[in-house]
$ cat my_file_0.csv   # CSV, C-alpha atoms and all ligand atoms
chain,number,residue,atom,x,y,z
A,278,MET,CA,91.6,99.2,104.0
A,279,ARG,CA,91.3,101.2,100.8
A,280,THR,CA,88.7,100.0,98.2
A,281,LEU,CA,87.5,101.4,94.9
A,282,ALA,CA,83.8,100.9,95.0
A,283,LYS,CA,80.5,101.6,93.3
A,284,THR,CA,78.8,103.3,96.2
A,285,LYS,CA,76.1,105.2,94.4
A,286,ARG,CA,73.8,104.2,91.5
A,287,GLU,CA,75.2,106.8,89.2
A,288,PRO,CA,78.4,107.2,87.0
A,289,GLY,CA,81.6,107.1,88.9
A,290,ILE,CA,83.7,104.9,91.2
A,291,TRP,CA,84.8,106.1,94.7
A,292,MET,CA,87.7,105.4,97.0
A,293,THR,CA,86.3,104.1,100.3
A,294,ASP,CA,87.5,102.8,103.6
A,295,SER,CA,86.2,99.3,104.4
A,296,PRO,CA,87.1,96.7,107.1
A,297,LYS,CA,89.7,94.1,106.2
A,298,PRO,CA,87.8,90.9,105.1
A,299,GLU,CA,88.1,87.8,107.3
A,300,VAL,CA,89.3,84.5,105.7
A,301,GLY,CA,86.9,81.5,105.8
A,302,HIS,CA,87.9,77.8,106.1
A,303,ASN,CA,88.5,77.3,102.4
A,304,ASP,CA,89.6,80.8,101.5
A,305,VAL,CA,92.8,82.7,101.0
A,306,ARG,CA,93.3,86.4,101.7
A,307,ILE,CA,95.5,88.2,99.2
A,308,ARG,CA,97.4,91.4,99.8
A,309,ILE,CA,96.9,93.1,96.5
A,310,ARG,CA,100.0,94.6,94.8
A,311,LYS,CA,98.8,95.5,91.3
A,312,THR,CA,95.5,95.6,89.5
A,313,ALA,CA,94.5,96.3,85.9
A,314,ILE,CA,91.4,98.1,84.6
A,315,CYS,CA,89.1,96.0,82.4
A,316,GLY,CA,86.4,97.0,79.9
A,317,THR,CA,83.9,95.6,82.5
A,318,ASP,CA,85.2,98.1,85.1
A,319,MET,CA,84.6,100.9,82.5
A,320,HIS,CA,81.0,99.7,82.0
A,321,ILE,CA,80.5,99.8,85.8
A,322,TYR,CA,82.2,103.2,86.0
A,323,LYS,CA,79.9,104.6,83.3
A,324,TRP,CA,76.9,102.8,84.9
A,325,ASP,CA,75.4,101.5,81.6
A,326,ASP,CA,72.3,99.4,81.3
A,327,TRP,CA,74.2,96.1,81.8
A,328,SER,CA,75.8,97.3,85.1
A,329,GLN,CA,72.5,98.7,86.4
A,330,LYS,CA,70.9,95.3,85.9
A,331,THR,CA,73.9,93.2,87.1
A,332,VAL,CA,75.8,95.0,89.9
A,333,PRO,CA,74.4,95.3,93.4
A,334,VAL,CA,75.4,98.6,95.2
A,335,PRO,CA,77.6,99.0,97.2
A,336,MET,CA,80.2,96.9,95.4
A,337,THR,CA,84.0,96.9,95.4
A,338,VAL,CA,85.0,96.5,91.8
A,339,GLY,CA,87.9,95.0,89.9
A,340,HIS,CA,89.0,91.5,89.0
A,341,GLU,CA,92.4,91.7,87.3
A,342,TYR,CA,95.1,91.5,89.9
A,343,VAL,CA,98.2,90.1,91.4
A,344,GLY,CA,99.2,90.0,95.1
A,345,THR,CA,100.6,87.8,97.8
A,346,VAL,CA,98.9,85.3,100.1
A,347,ASP,CA,98.4,87.0,103.4
A,348,ALA,CA,96.1,84.5,105.3
A,349,ILE,CA,95.0,81.0,104.6
A,350,GLY,CA,91.9,79.1,105.8
A,351,THR,CA,92.3,76.1,108.1
A,352,GLU,CA,91.2,73.6,105.4
A,353,VAL,CA,93.5,75.0,102.6
A,354,ARG,CA,96.4,72.9,101.3
A,355,GLY,CA,99.0,73.8,98.7
A,356,LEU,CA,99.4,77.5,99.2
A,357,THR,CA,101.9,79.3,101.5
A,358,ILE,CA,101.9,82.8,103.2
A,359,GLY,CA,103.8,85.3,101.1
A,360,GLN,CA,103.3,83.3,97.8
A,361,ARG,CA,102.5,85.4,94.7
A,362,VAL,CA,99.1,84.7,93.2
A,363,SER,CA,96.7,86.0,90.7
A,364,GLY,CA,93.2,84.4,90.5
A,365,GLU,CA,90.3,83.2,88.5
A,366,GLY,CA,87.5,85.8,88.8
A,367,HIS,CA,84.7,83.4,88.2
A,368,LEU,CA,83.5,81.6,91.3
A,369,VAL,CA,81.6,78.4,90.5
A,370,CYS,CA,79.1,76.5,92.5
A,371,GLY,CA,80.8,73.0,92.6
A,372,HIS,CA,77.4,71.2,92.6
A,373,CYS,CA,75.9,71.6,89.1
A,374,ARG,CA,76.5,68.9,86.4
A,375,ASN,CA,79.2,70.8,84.6
A,376,CYS,CA,81.1,71.6,87.8
A,377,ARG,CA,80.9,68.0,88.8
A,378,ALA,CA,82.2,66.9,85.4
A,379,GLY,CA,85.2,69.3,85.7
A,380,ARG,CA,83.8,71.7,83.1
A,381,ARG,CA,83.8,74.6,85.6
A,382,HIS,CA,83.8,77.4,83.0
A,383,LEU,CA,80.3,76.1,82.1
A,384,CYS,CA,78.9,76.4,85.6
A,385,ARG,CA,75.4,77.8,85.5
A,386,ASN,CA,75.7,79.5,88.9
A,387,THR,CA,78.8,81.6,88.3
A,388,GLN,CA,79.6,84.6,90.5
A,389,GLY,CA,82.0,87.3,89.3
A,390,VAL,CA,84.7,88.9,91.5
A,391,GLY,CA,84.1,92.7,91.4
A,392,VAL,CA,80.8,92.3,89.6
A,393,THR,CA,78.4,90.3,91.9
A,394,ARG,CA,80.8,89.8,94.9
A,395,PRO,CA,83.5,92.0,96.4
A,396,GLY,CA,86.3,92.7,94.0
A,397,ALA,CA,90.1,93.1,93.8
A,398,PHE,CA,90.4,96.9,93.8
A,399,ALA,CA,91.2,96.8,97.5
A,400,ASP,CA,94.1,96.4,99.8
A,401,TYR,CA,92.9,92.8,100.5
A,402,LEU,CA,90.8,90.3,98.6
A,403,VAL,CA,89.3,87.1,100.0
A,404,ILE,CA,88.5,84.3,97.4
A,405,PRO,CA,88.1,80.5,97.6
A,406,ALA,CA,91.6,79.0,97.7
A,407,GLU,CA,90.9,77.0,94.5
A,408,ASN,CA,90.5,80.3,92.6
A,409,ALA,CA,94.0,81.4,93.5
A,410,PHE,CA,96.6,80.7,90.8
A,411,PRO,CA,100.3,80.6,91.9
A,412,ILE,CA,102.6,82.8,89.7
A,413,PRO,CA,106.1,81.5,88.9
A,414,ASP,CA,109.0,83.8,89.9
A,415,ASP,CA,110.0,84.6,86.3
A,416,ILE,CA,106.6,86.3,85.5
A,417,PRO,CA,106.6,90.0,86.6
A,418,ASP,CA,103.8,91.5,88.7
A,419,GLU,CA,102.6,93.7,85.9
A,420,ILE,CA,102.1,90.7,83.5
A,421,ALA,CA,100.5,88.6,86.3
A,422,SER,CA,98.0,91.4,86.8
A,423,ILE,CA,96.6,91.0,83.3
A,424,LEU,CA,96.3,87.2,83.2
A,425,ASP,CA,92.5,87.5,83.4
A,426,PRO,CA,92.0,89.2,80.0
A,427,PHE,CA,95.0,87.3,78.6
A,428,GLY,CA,93.0,84.2,79.6
A,429,ASN,CA,90.0,85.4,77.7
A,430,ALA,CA,92.2,85.8,74.7
A,431,ALA,CA,93.8,82.4,75.2
A,432,HIS,CA,90.5,80.5,75.8
A,433,THR,CA,89.1,82.1,72.6
A,434,ALA,CA,92.2,81.8,70.3
A,435,LEU,CA,93.1,78.2,71.4
A,436,SER,CA,89.6,76.9,70.8
A,437,PHE,CA,90.6,75.8,67.3
A,438,ASP,CA,93.7,74.7,65.6
A,439,LEU,CA,95.7,77.8,64.4
A,440,VAL,CA,98.8,76.2,63.0
A,441,GLY,CA,99.3,77.4,59.4
A,442,GLU,CA,95.7,78.9,59.4
A,443,ASP,CA,94.6,82.3,58.2
A,444,VAL,CA,92.9,84.1,61.1
A,445,LEU,CA,90.6,87.1,61.2
A,446,ILE,CA,90.3,88.9,64.5
A,447,THR,CA,87.5,91.6,64.6
A,448,GLY,CA,88.2,94.2,67.3
A,449,ALA,CA,91.6,95.3,68.5
A,450,GLY,CA,90.7,96.0,72.1
A,451,PRO,CA,93.2,94.7,74.6
A,452,ILE,CA,91.8,91.1,74.3
A,453,GLY,CA,91.8,91.1,70.5
A,454,ILE,CA,95.4,92.4,70.5
A,455,MET,CA,96.5,89.7,72.9
A,456,ALA,CA,94.7,87.1,70.8
A,457,ALA,CA,96.9,88.3,67.8
A,458,ALA,CA,100.0,87.6,69.9
A,459,ILE,CA,98.8,84.1,70.7
A,460,CYS,CA,98.0,83.4,67.0
A,461,ARG,CA,101.6,84.5,66.1
A,462,HIS,CA,103.1,82.5,69.0
A,463,VAL,CA,101.4,79.2,68.0
A,464,GLY,CA,102.1,79.5,64.3
A,465,ALA,CA,99.2,81.0,62.4
A,466,ARG,CA,99.9,82.3,58.8
A,467,HIS,CA,98.0,85.5,58.1
A,468,ILE,CA,96.7,87.2,61.3
A,469,VAL,CA,94.4,90.0,60.1
A,470,ILE,CA,92.9,92.3,62.8
A,471,THR,CA,90.2,94.9,62.2
A,472,ASP,CA,89.2,98.0,64.2
A,473,MET,CA,88.8,101.8,63.5
A,474,ASN,CA,91.2,102.8,66.2
A,475,ASP,CA,94.7,103.4,64.8
A,476,TYR,CA,96.4,103.5,68.1
A,477,ARG,CA,95.1,100.0,68.9
A,478,LEU,CA,95.8,98.7,65.4
A,479,SER,CA,99.4,99.8,65.7
A,480,LEU,CA,99.7,98.1,69.1
A,481,ALA,CA,98.3,94.9,67.5
A,482,LYS,CA,101.0,95.1,64.8
A,483,THR,CA,103.7,95.3,67.5
A,484,MET,CA,102.1,92.3,69.3
A,485,GLY,CA,102.1,90.1,66.2
A,486,ALA,CA,99.3,90.8,63.8
A,487,SER,CA,100.5,90.4,60.2
A,488,ARG,CA,98.1,92.9,58.7
A,489,THR,CA,95.9,95.5,60.4
A,490,VAL,CA,92.7,96.9,58.7
A,491,ASN,CA,91.1,100.1,59.7
A,492,VAL,CA,87.5,99.3,58.5
A,493,GLU,CA,86.6,103.0,58.2
A,494,ARG,CA,89.3,103.5,55.5
A,495,GLU,CA,90.1,100.1,54.0
A,496,SER,CA,88.1,97.2,52.5
A,497,LEU,CA,88.8,93.8,54.1
A,498,PRO,CA,88.1,91.9,50.8
A,499,ASP,CA,90.7,94.1,49.1
A,500,VAL,CA,93.2,93.4,51.8
A,501,MET,CA,92.6,89.7,51.5
A,502,LYS,CA,93.4,89.9,47.7
A,503,THR,CA,96.7,91.7,48.4
A,504,LEU,CA,97.5,88.8,50.8
A,505,GLY,CA,96.7,86.3,48.0
A,506,MET,CA,93.8,84.9,50.0
A,507,VAL,CA,91.5,83.5,47.4
A,508,GLU,CA,89.1,81.5,49.6
A,509,GLY,CA,88.6,83.0,53.0
A,510,PHE,CA,89.6,82.9,56.7
A,511,ASP,CA,89.9,79.5,58.4
A,512,VAL,CA,89.4,80.8,61.9
A,513,GLY,CA,87.5,83.9,63.1
A,514,LEU,CA,87.9,85.4,66.6
A,515,GLU,CA,85.1,87.9,67.3
A,516,MET,CA,86.4,90.4,69.9
A,517,SER,CA,84.5,93.6,69.2
A,518,GLY,CA,80.9,92.8,70.3
A,519,VAL,CA,79.8,94.8,67.3
A,520,ALA,CA,77.2,93.4,64.9
A,521,SER,CA,78.7,94.8,61.7
A,522,ALA,CA,82.1,93.3,62.6
A,523,PHE,CA,80.5,89.9,63.1
A,524,ARG,CA,78.7,90.2,59.8
A,525,GLN,CA,81.9,91.1,58.0
A,526,MET,CA,83.5,88.0,59.6
A,527,LEU,CA,80.6,85.8,58.3
A,528,ASP,CA,81.2,87.3,54.8
A,529,THR,CA,84.9,86.6,54.7
A,530,MET,CA,85.1,83.1,56.3
A,531,ASN,CA,86.0,80.1,54.1
A,532,HIS,CA,83.6,77.2,53.9
A,533,GLY,CA,84.1,75.0,56.9
A,534,GLY,CA,85.5,77.9,58.9
A,535,LYS,CA,85.4,78.1,62.7
A,536,ILE,CA,84.4,81.1,64.7
A,537,ALA,CA,85.0,81.7,68.4
A,538,MET,CA,82.9,84.5,69.8
A,539,LEU,CA,84.0,86.4,72.9
A,540,GLY,CA,82.6,89.8,72.1
A,541,ILE,CA,79.1,90.4,73.4
A,542,PRO,CA,76.8,91.8,70.7
A,543,PRO,CA,73.4,93.2,71.5
A,544,GLY,CA,71.1,90.4,72.5
A,545,GLU,CA,69.0,90.0,69.4
A,546,THR,CA,71.6,90.8,66.7
A,547,ALA,CA,70.4,89.6,63.3
A,548,ILE,CA,72.7,87.9,60.8
A,549,ASP,CA,72.3,86.2,57.5
A,550,TRP,CA,72.0,82.6,58.7
A,551,THR,CA,72.3,81.2,55.2
A,552,LYS,CA,76.0,82.1,55.4
A,553,VAL,CA,76.4,80.0,58.5
A,554,ILE,CA,74.5,77.0,57.0
A,555,PHE,CA,75.8,76.9,53.4
A,556,LYS,CA,79.4,77.6,54.5
A,557,GLY,CA,79.1,74.9,57.1
A,558,LEU,CA,80.5,77.2,59.8
A,559,THR,CA,81.1,76.3,63.4
A,560,ILE,CA,80.4,79.0,66.0
A,561,LYS,CA,81.5,78.6,69.6
A,562,GLY,CA,80.5,81.0,72.4
A,563,ILE,CA,83.3,81.7,74.9
A,564,TYR,CA,82.8,82.7,78.5
A,565,GLY,CA,85.7,83.5,80.8
A,566,ARG,CA,88.6,81.1,81.0
A,567,GLU,CA,88.8,77.3,81.3
A,568,MET,CA,89.4,76.4,84.9
A,569,TYR,CA,92.2,75.9,85.1
A,570,GLU,CA,93.6,74.6,81.8
A,571,THR,CA,93.7,78.1,80.3
A,572,TRP,CA,95.8,79.3,83.2
A,573,TYR,CA,98.4,76.6,82.7
A,574,LYS,CA,98.5,77.4,78.9
A,575,MET,CA,99.0,81.1,79.7
A,576,ILE,CA,102.0,80.5,82.0
A,577,ALA,CA,103.5,78.1,79.4
A,578,MET,CA,103.1,80.6,76.6
A,579,LEU,CA,104.7,83.4,78.6
A,580,GLN,CA,107.6,81.1,79.7
A,581,GLY,CA,107.9,79.9,76.1
A,582,GLY,CA,108.6,83.5,74.9
A,583,LEU,CA,105.3,85.2,74.3
A,584,ASP,CA,106.1,88.8,75.4
A,585,LEU,CA,103.1,90.7,76.7
A,586,SER,CA,105.0,93.7,78.1
A,587,PRO,CA,104.1,96.1,75.3
A,588,MET,CA,100.5,95.7,76.3
A,589,ILE,CA,101.0,97.7,79.5
A,590,THR,CA,101.1,101.3,78.3
A,591,HIS,CA,100.1,103.2,81.4
A,592,ARG,CA,100.9,102.9,85.1
A,593,PHE,CA,99.4,104.9,88.0
A,594,ASP,CA,99.4,104.8,91.8
A,595,VAL,CA,95.9,103.8,93.0
A,596,LYS,CA,95.4,107.3,94.4
A,597,ASP,CA,95.3,108.5,90.8
A,598,TYR,CA,92.8,105.9,89.8
A,599,LEU,CA,90.5,108.5,88.1
A,600,GLU,CA,93.3,109.3,85.7
A,601,GLY,CA,93.6,105.6,85.1
A,602,PHE,CA,90.0,105.2,84.2
A,603,GLU,CA,90.2,108.3,82.0
A,604,THR,CA,93.2,106.9,80.1
A,605,MET,CA,91.4,103.5,79.6
A,606,GLY,CA,88.3,105.3,78.3
A,607,SER,CA,90.3,107.4,75.9
A,608,GLY,CA,90.9,104.5,73.5
A,609,LYS,CA,94.6,105.5,73.4
A,610,SER,CA,96.0,102.8,75.7
A,611,GLY,CA,96.7,99.1,76.0
A,612,LYS,CA,96.3,97.9,79.6
A,613,VAL,CA,96.3,100.4,82.5
A,614,VAL,CA,97.9,99.1,85.7
A,615,LEU,CA,97.3,100.6,89.2
A,616,SER,CA,99.8,100.0,92.0
A,617,TRP,CA,98.6,99.4,95.5
A,618,THR,CA,102.0,99.1,97.3
A,701,LIG,P1,87.1,96.7,73.9
A,701,LIG,O1,85.7,97.4,73.9
A,701,LIG,O2,88.2,97.4,74.5
A,701,LIG,O3,87.5,96.4,72.3
A,701,LIG,C1,86.6,96.3,71.3
A,701,LIG,C2,87.2,96.9,70.1
A,701,LIG,O4,86.3,96.7,69.0
A,701,LIG,C3,87.4,98.4,70.2
A,701,LIG,O5,88.7,98.7,70.0
A,701,LIG,C4,86.5,98.9,69.1
A,701,LIG,O6,87.0,100.1,68.5
A,701,LIG,C5,86.4,97.8,68.1
A,701,LIG,N1,85.4,97.8,67.1
A,701,LIG,C6,84.2,98.5,67.2
A,701,LIG,N2,83.5,98.4,66.0
A,701,LIG,C7,84.3,97.6,65.2
A,701,LIG,C8,84.1,97.1,63.9
A,701,LIG,N3,83.0,97.3,63.2
A,701,LIG,N4,85.1,96.3,63.4
A,701,LIG,C9,86.2,96.0,64.1
A,701,LIG,N5,86.4,96.5,65.3
A,701,LIG,C10,85.5,97.3,65.9
A,701,LIG,O7,86.9,95.3,74.5
A,701,LIG,P2,87.9,94.2,75.1
A,701,LIG,O8,88.1,94.5,76.6
A,701,LIG,O9,89.1,94.0,74.3
A,701,LIG,O10,86.9,92.9,75.0
A,701,LIG,C11,86.5,92.5,73.8
A,701,LIG,C12,85.1,92.0,73.7
A,701,LIG,O11,84.9,90.8,74.5
A,701,LIG,C13,84.1,93.0,74.3
A,701,LIG,O12,82.9,92.9,73.6
A,701,LIG,C14,83.8,92.5,75.7
A,701,LIG,O13,82.6,92.9,76.2
A,701,LIG,C15,83.9,91.0,75.5
A,701,LIG,N6,84.3,90.2,76.7
A,701,LIG,C16,83.7,89.0,76.8
A,701,LIG,C17,84.1,88.2,77.8
A,701,LIG,C18,83.4,86.8,77.9
A,701,LIG,O14,83.7,86.1,78.9
A,701,LIG,N7,82.6,86.4,76.9
A,701,LIG,C19,85.1,88.5,78.7
A,701,LIG,C20,85.7,89.8,78.5
A,701,LIG,C21,85.3,90.6,77.5
A,702,ZN,ZN,78.4,74.9,89.0
$ encode --input "my_file_0.csv" --output "structure tokens" --more "lines below"
Ligand code: NAD
Ligand code: ZN
Amino acid sequence: MRTLAKTKREPGIWMTDSPKPEVGHNDVRIRIRKTAICGTDMHIYKWDDWSQKTVPVPMTVGHEYVGTVDAIGTEVRGLTIGQRVSGEGHLVCGHCRNCRAGRRHLCRNTQGVGVTRPGAFADYLVIPAENAFPIPDDIPDEIASILDPFGNAAHTALSFDLVGEDVLITGAGPIGIMAAAICRHVGARHIVITDMNDYRLSLAKTMGASRTVNVERESLPDVMKTLGMVEGFDVGLEMSGVASAFRQMLDTMNHGGKIAMLGIPPGETAIDWTKVIFKGLTIKGIYGREMYETWYKMIAMLQGGLDLSPMITHRFDVKDYLEGFETMGSGKSGKVVLSWT
């Protein structure tokens, strides 16, 4: 079968030919139909410090996908051959305290599909059956292929009450933009999103942001004044991983504000802690998606009218994957989807 894999410890990803994986007792094998390129895949492609430390080589990459169940292990119940599924990319241990308490997103022994175990950029993917998530018929393949990052956005945005609240999202990457769509869908008031990439800010506007701010040209406090915001943001969603963006968020939060942090800043990023303390801020770190509550919420929001389709701006056949990676790296795209059928 075809795979896109990291086969050398240097920049690049290569199309390889690998044996079709066997399905274990508790597994499903998925015939992949569509995959999407994630920021993580870009890091692995570029072979940055994080990837060099984290990813064993050779490794089939990719973790955003949709496909159909092609084989089922003997112990598996509740899935049928031919059923459309996407899947949770975090594999958890099942025996740590959090796993046993049903808080699987907090497992301390998480493995990542396409990061530390074989990924979805392949004709076939084998995962534990419990990681497969059935896709209702009214959700198209393309949308189902981006549920993983939509799930990051949902887990982050739904961490705090958004109804009638003023929300600041720092970073209009695909996940920040989808978070704006969720804030709009569930009834936030001002949804302000910052970035310095005008292409992405304009997509954020399409998807539901009420005000976009290019931080290279505009002052966020001035924008807040024009919106009549005299106190500050109630909820902050940090989705850039950039220290200056996080500091700007701390500056503009109201007292008692709540921040959910998905973006991954450099390890020892310094902040003015007095802002956290005297404003009485709550800061929550977010990893992945809640298993599987986030997945149910995503399906419900999509079926309830949240339209993700403008997020998919580019489509390629998998043979043109290099063009796909280039497009994703250009900063002038939403999600880039590769077709395997
Ligand atoms: P991305 O890199 O595509 O988007 C980040 C955006 O932040 C970019 O558009 C960039 O221009 C913008 N940015 C840079 N400096 C900024 C500034 N000063 N102010 C405002 N915006 C600024 O990333 P993504 O794929 O959308 O993911 C968002 C973040 O979440 C990344 O940091 C990623 O590593 C992280 N992430 C975390 C998890 C997790 O489980 N915690 C999962 C997925 C992604
Ligand atoms: Zn565990």
$ closest_atom_pairs --input "my_file_0.csv" --of "chain A" --to "ligand LIG 701 (chain A)" --cutoff "8 Å" --atoms "all atoms listed in the file" --output "JSON lines"
{"residue": "A:Cys315", "atom": "CA", "partner": "A:LIG701", "partner_atom": "O8", "distance": 6.1}
{"residue": "A:Gly316", "atom": "CA", "partner": "A:LIG701", "partner_atom": "O8", "distance": 4.5}
{"residue": "A:Thr317", "atom": "CA", "partner": "A:LIG701", "partner_atom": "O13", "distance": 7.0}
{"residue": "A:Pro426", "atom": "CA", "partner": "A:LIG701", "partner_atom": "C20", "distance": 6.5}
{"residue": "A:Asn429", "atom": "CA", "partner": "A:LIG701", "partner_atom": "C19", "distance": 5.9}
{"residue": "A:Thr447", "atom": "CA", "partner": "A:LIG701", "partner_atom": "C9", "distance": 4.6}
{"residue": "A:Gly448", "atom": "CA", "partner": "A:LIG701", "partner_atom": "N5", "distance": 3.5}
{"residue": "A:Ala449", "atom": "CA", "partner": "A:LIG701", "partner_atom": "O5", "distance": 4.7}
{"residue": "A:Gly450", "atom": "CA", "partner": "A:LIG701", "partner_atom": "O3", "distance": 3.2}
{"residue": "A:Pro451", "atom": "CA", "partner": "A:LIG701", "partner_atom": "O9", "distance": 4.2}
{"residue": "A:Ile452", "atom": "CA", "partner": "A:LIG701", "partner_atom": "O9", "distance": 4.0}
{"residue": "A:Gly453", "atom": "CA", "partner": "A:LIG701", "partner_atom": "O9", "distance": 5.5}
{"residue": "A:Ile454", "atom": "CA", "partner": "A:LIG701", "partner_atom": "O9", "distance": 7.5}
{"residue": "A:Ile470", "atom": "CA", "partner": "A:LIG701", "partner_atom": "C9", "distance": 7.8}
{"residue": "A:Thr471", "atom": "CA", "partner": "A:LIG701", "partner_atom": "C9", "distance": 4.6}
{"residue": "A:Asp472", "atom": "CA", "partner": "A:LIG701", "partner_atom": "N5", "distance": 3.4}
{"residue": "A:Met473", "atom": "CA", "partner": "A:LIG701", "partner_atom": "O6", "distance": 5.6}
{"residue": "A:Asn474", "atom": "CA", "partner": "A:LIG701", "partner_atom": "O6", "distance": 5.5}
{"residue": "A:Arg477", "atom": "CA", "partner": "A:LIG701", "partner_atom": "O5", "distance": 6.6}
{"residue": "A:Asn491", "atom": "CA", "partner": "A:LIG701", "partner_atom": "C9", "distance": 7.8}
{"residue": "A:Val492", "atom": "CA", "partner": "A:LIG701", "partner_atom": "N4", "distance": 6.2}
{"residue": "A:Glu515", "atom": "CA", "partner": "A:LIG701", "partner_atom": "C12", "distance": 7.6}
{"residue": "A:Met516", "atom": "CA", "partner": "A:LIG701", "partner_atom": "C12", "distance": 4.3}
{"residue": "A:Ser517", "atom": "CA", "partner": "A:LIG701", "partner_atom": "O4", "distance": 3.6}
{"residue": "A:Gly518", "atom": "CA", "partner": "A:LIG701", "partner_atom": "O12", "distance": 3.9}
{"residue": "A:Val519", "atom": "CA", "partner": "A:LIG701", "partner_atom": "N2", "distance": 5.3}
{"residue": "A:Ala520", "atom": "CA", "partner": "A:LIG701", "partner_atom": "N3", "distance": 7.2}
{"residue": "A:Ser521", "atom": "CA", "partner": "A:LIG701", "partner_atom": "N3", "distance": 5.2}
{"residue": "A:Ala522", "atom": "CA", "partner": "A:LIG701", "partner_atom": "N3", "distance": 4.1}
{"residue": "A:Phe523", "atom": "CA", "partner": "A:LIG701", "partner_atom": "N3", "distance": 7.8}
{"residue": "A:Met538", "atom": "CA", "partner": "A:LIG701", "partner_atom": "N7", "distance": 7.4}
{"residue": "A:Leu539", "atom": "CA", "partner": "A:LIG701", "partner_atom": "N7", "distance": 4.2}
{"residue": "A:Gly540", "atom": "CA", "partner": "A:LIG701", "partner_atom": "O12", "distance": 3.5}
{"residue": "A:Ile541", "atom": "CA", "partner": "A:LIG701", "partner_atom": "O12", "distance": 4.6}
{"residue": "A:Pro542", "atom": "CA", "partner": "A:LIG701", "partner_atom": "O12", "distance": 6.8}
{"residue": "A:Gly562", "atom": "CA", "partner": "A:LIG701", "partner_atom": "N7", "distance": 7.3}
{"residue": "A:Ile563", "atom": "CA", "partner": "A:LIG701", "partner_atom": "N7", "distance": 5.2}
{"residue": "A:Tyr564", "atom": "CA", "partner": "A:LIG701", "partner_atom": "O14", "distance": 3.5}
{"residue": "A:Gly565", "atom": "CA", "partner": "A:LIG701", "partner_atom": "O14", "distance": 3.8}
{"residue": "A:Arg566", "atom": "CA", "partner": "A:LIG701", "partner_atom": "O14", "distance": 7.3}
{"residue": "A:Gly608", "atom": "CA", "partner": "A:LIG701", "partner_atom": "O5", "distance": 7.1}
$ write_last_selection --input "my_file_0.csv" --atoms "C-alpha atoms" --output "compact mmCIF listing (two decimals), in the coordinates of the input"
# COMPACT_ATOMS: atom_id res chain seq x y z
CA CYS A 315 89.10 96.00 82.40
CA GLY A 316 86.40 97.00 79.90
CA THR A 317 83.90 95.60 82.50
CA PRO A 426 92.00 89.20 80.00
CA ASN A 429 90.00 85.40 77.70
CA THR A 447 87.50 91.60 64.60
CA GLY A 448 88.20 94.20 67.30
CA ALA A 449 91.60 95.30 68.50
CA GLY A 450 90.70 96.00 72.10
CA PRO A 451 93.20 94.70 74.60
CA ILE A 452 91.80 91.10 74.30
CA GLY A 453 91.80 91.10 70.50
CA ILE A 454 95.40 92.40 70.50
CA ILE A 470 92.90 92.30 62.80
CA THR A 471 90.20 94.90 62.20
CA ASP A 472 89.20 98.00 64.20
CA MET A 473 88.80 101.80 63.50
CA ASN A 474 91.20 102.80 66.20
CA ARG A 477 95.10 100.00 68.90
CA ASN A 491 91.10 100.10 59.70
CA VAL A 492 87.50 99.30 58.50
CA GLU A 515 85.10 87.90 67.30
CA MET A 516 86.40 90.40 69.90
CA SER A 517 84.50 93.60 69.20
CA GLY A 518 80.90 92.80 70.30
CA VAL A 519 79.80 94.80 67.30
CA ALA A 520 77.20 93.40 64.90
CA SER A 521 78.70 94.80 61.70
CA ALA A 522 82.10 93.30 62.60
CA PHE A 523 80.50 89.90 63.10
CA MET A 538 82.90 84.50 69.80
CA LEU A 539 84.00 86.40 72.90
CA GLY A 540 82.60 89.80 72.10
CA ILE A 541 79.10 90.40 73.40
CA PRO A 542 76.80 91.80 70.70
CA GLY A 562 80.50 81.00 72.40
CA ILE A 563 83.30 81.70 74.90
CA TYR A 564 82.80 82.70 78.50
CA GLY A 565 85.70 83.50 80.80
CA ARG A 566 88.60 81.10 81.00
CA GLY A 608 90.90 104.50 73.50
$ residues_near_ligand --input "my_file_0.csv" --ligand "ligand ZN 702 (chain A)" --cutoff "8 Å" --atoms "only C-alpha atoms and all ligand atoms" --output "MDAnalysis selection string"
chainID A and resid 369:377 381 383:387
$ closest_residue --input "my_file_0.csv" --among "A:Cys460, A:Ala397, A:Val512, A:Val353" --to "A:Ala282" --atoms "only C-alpha atoms"
A:Ala397
$ closest_residue --input "my_file_0.csv" --among "A:Asp326, A:Asp304, A:Glu352, A:Glu545" --to "A:Ala406" --atoms "all atoms listed in the file"
A:Asp304
$ closest_residue --input "my_file_0.csv" --among "A:Glu341, A:Glu299, A:Glu570, A:Glu287" --to "A:Asp418" --atoms "only C-alpha atoms"
A:Glu341
$ residues_around --input "my_file_0.csv" --residues "A:Asp425" --least-positions-apart "2" --cutoff "8 Å" --atoms "all atoms listed in the file" --output "list in words"
His340, Glu341, Gly364, Glu365, Gly366, Ser422, Ile423, Phe427, Gly428, Asn429 and Arg566 of chain A
$ closest_atom_pairs --input "my_file_0.csv" --of "stretch 362-463 of chain A" --to "stretch 591-603 of chain A" --cutoff "10 Å" --atoms "all atoms listed in the file" --output "JSON lines"
{"residue": "A:Phe398", "atom": "CA", "partner": "A:Val595", "partner_atom": "CA", "distance": 8.9}
{"residue": "A:Ala399", "atom": "CA", "partner": "A:Val595", "partner_atom": "CA", "distance": 9.6}
{"residue": "A:Glu419", "atom": "CA", "partner": "A:Arg592", "partner_atom": "CA", "distance": 9.4}
$ write_last_selection --input "my_file_0.csv" --atoms "C-alpha atoms" --output "PDB file, in the frame of the given file"
ATOM      1  CA  PHE A 398      90.400  96.900  93.800  1.00  0.00           C
ATOM      2  CA  ALA A 399      91.200  96.800  97.500  1.00  0.00           C
ATOM      3  CA  GLU A 419     102.600  93.700  85.900  1.00  0.00           C
TER       4      GLU A 419
END
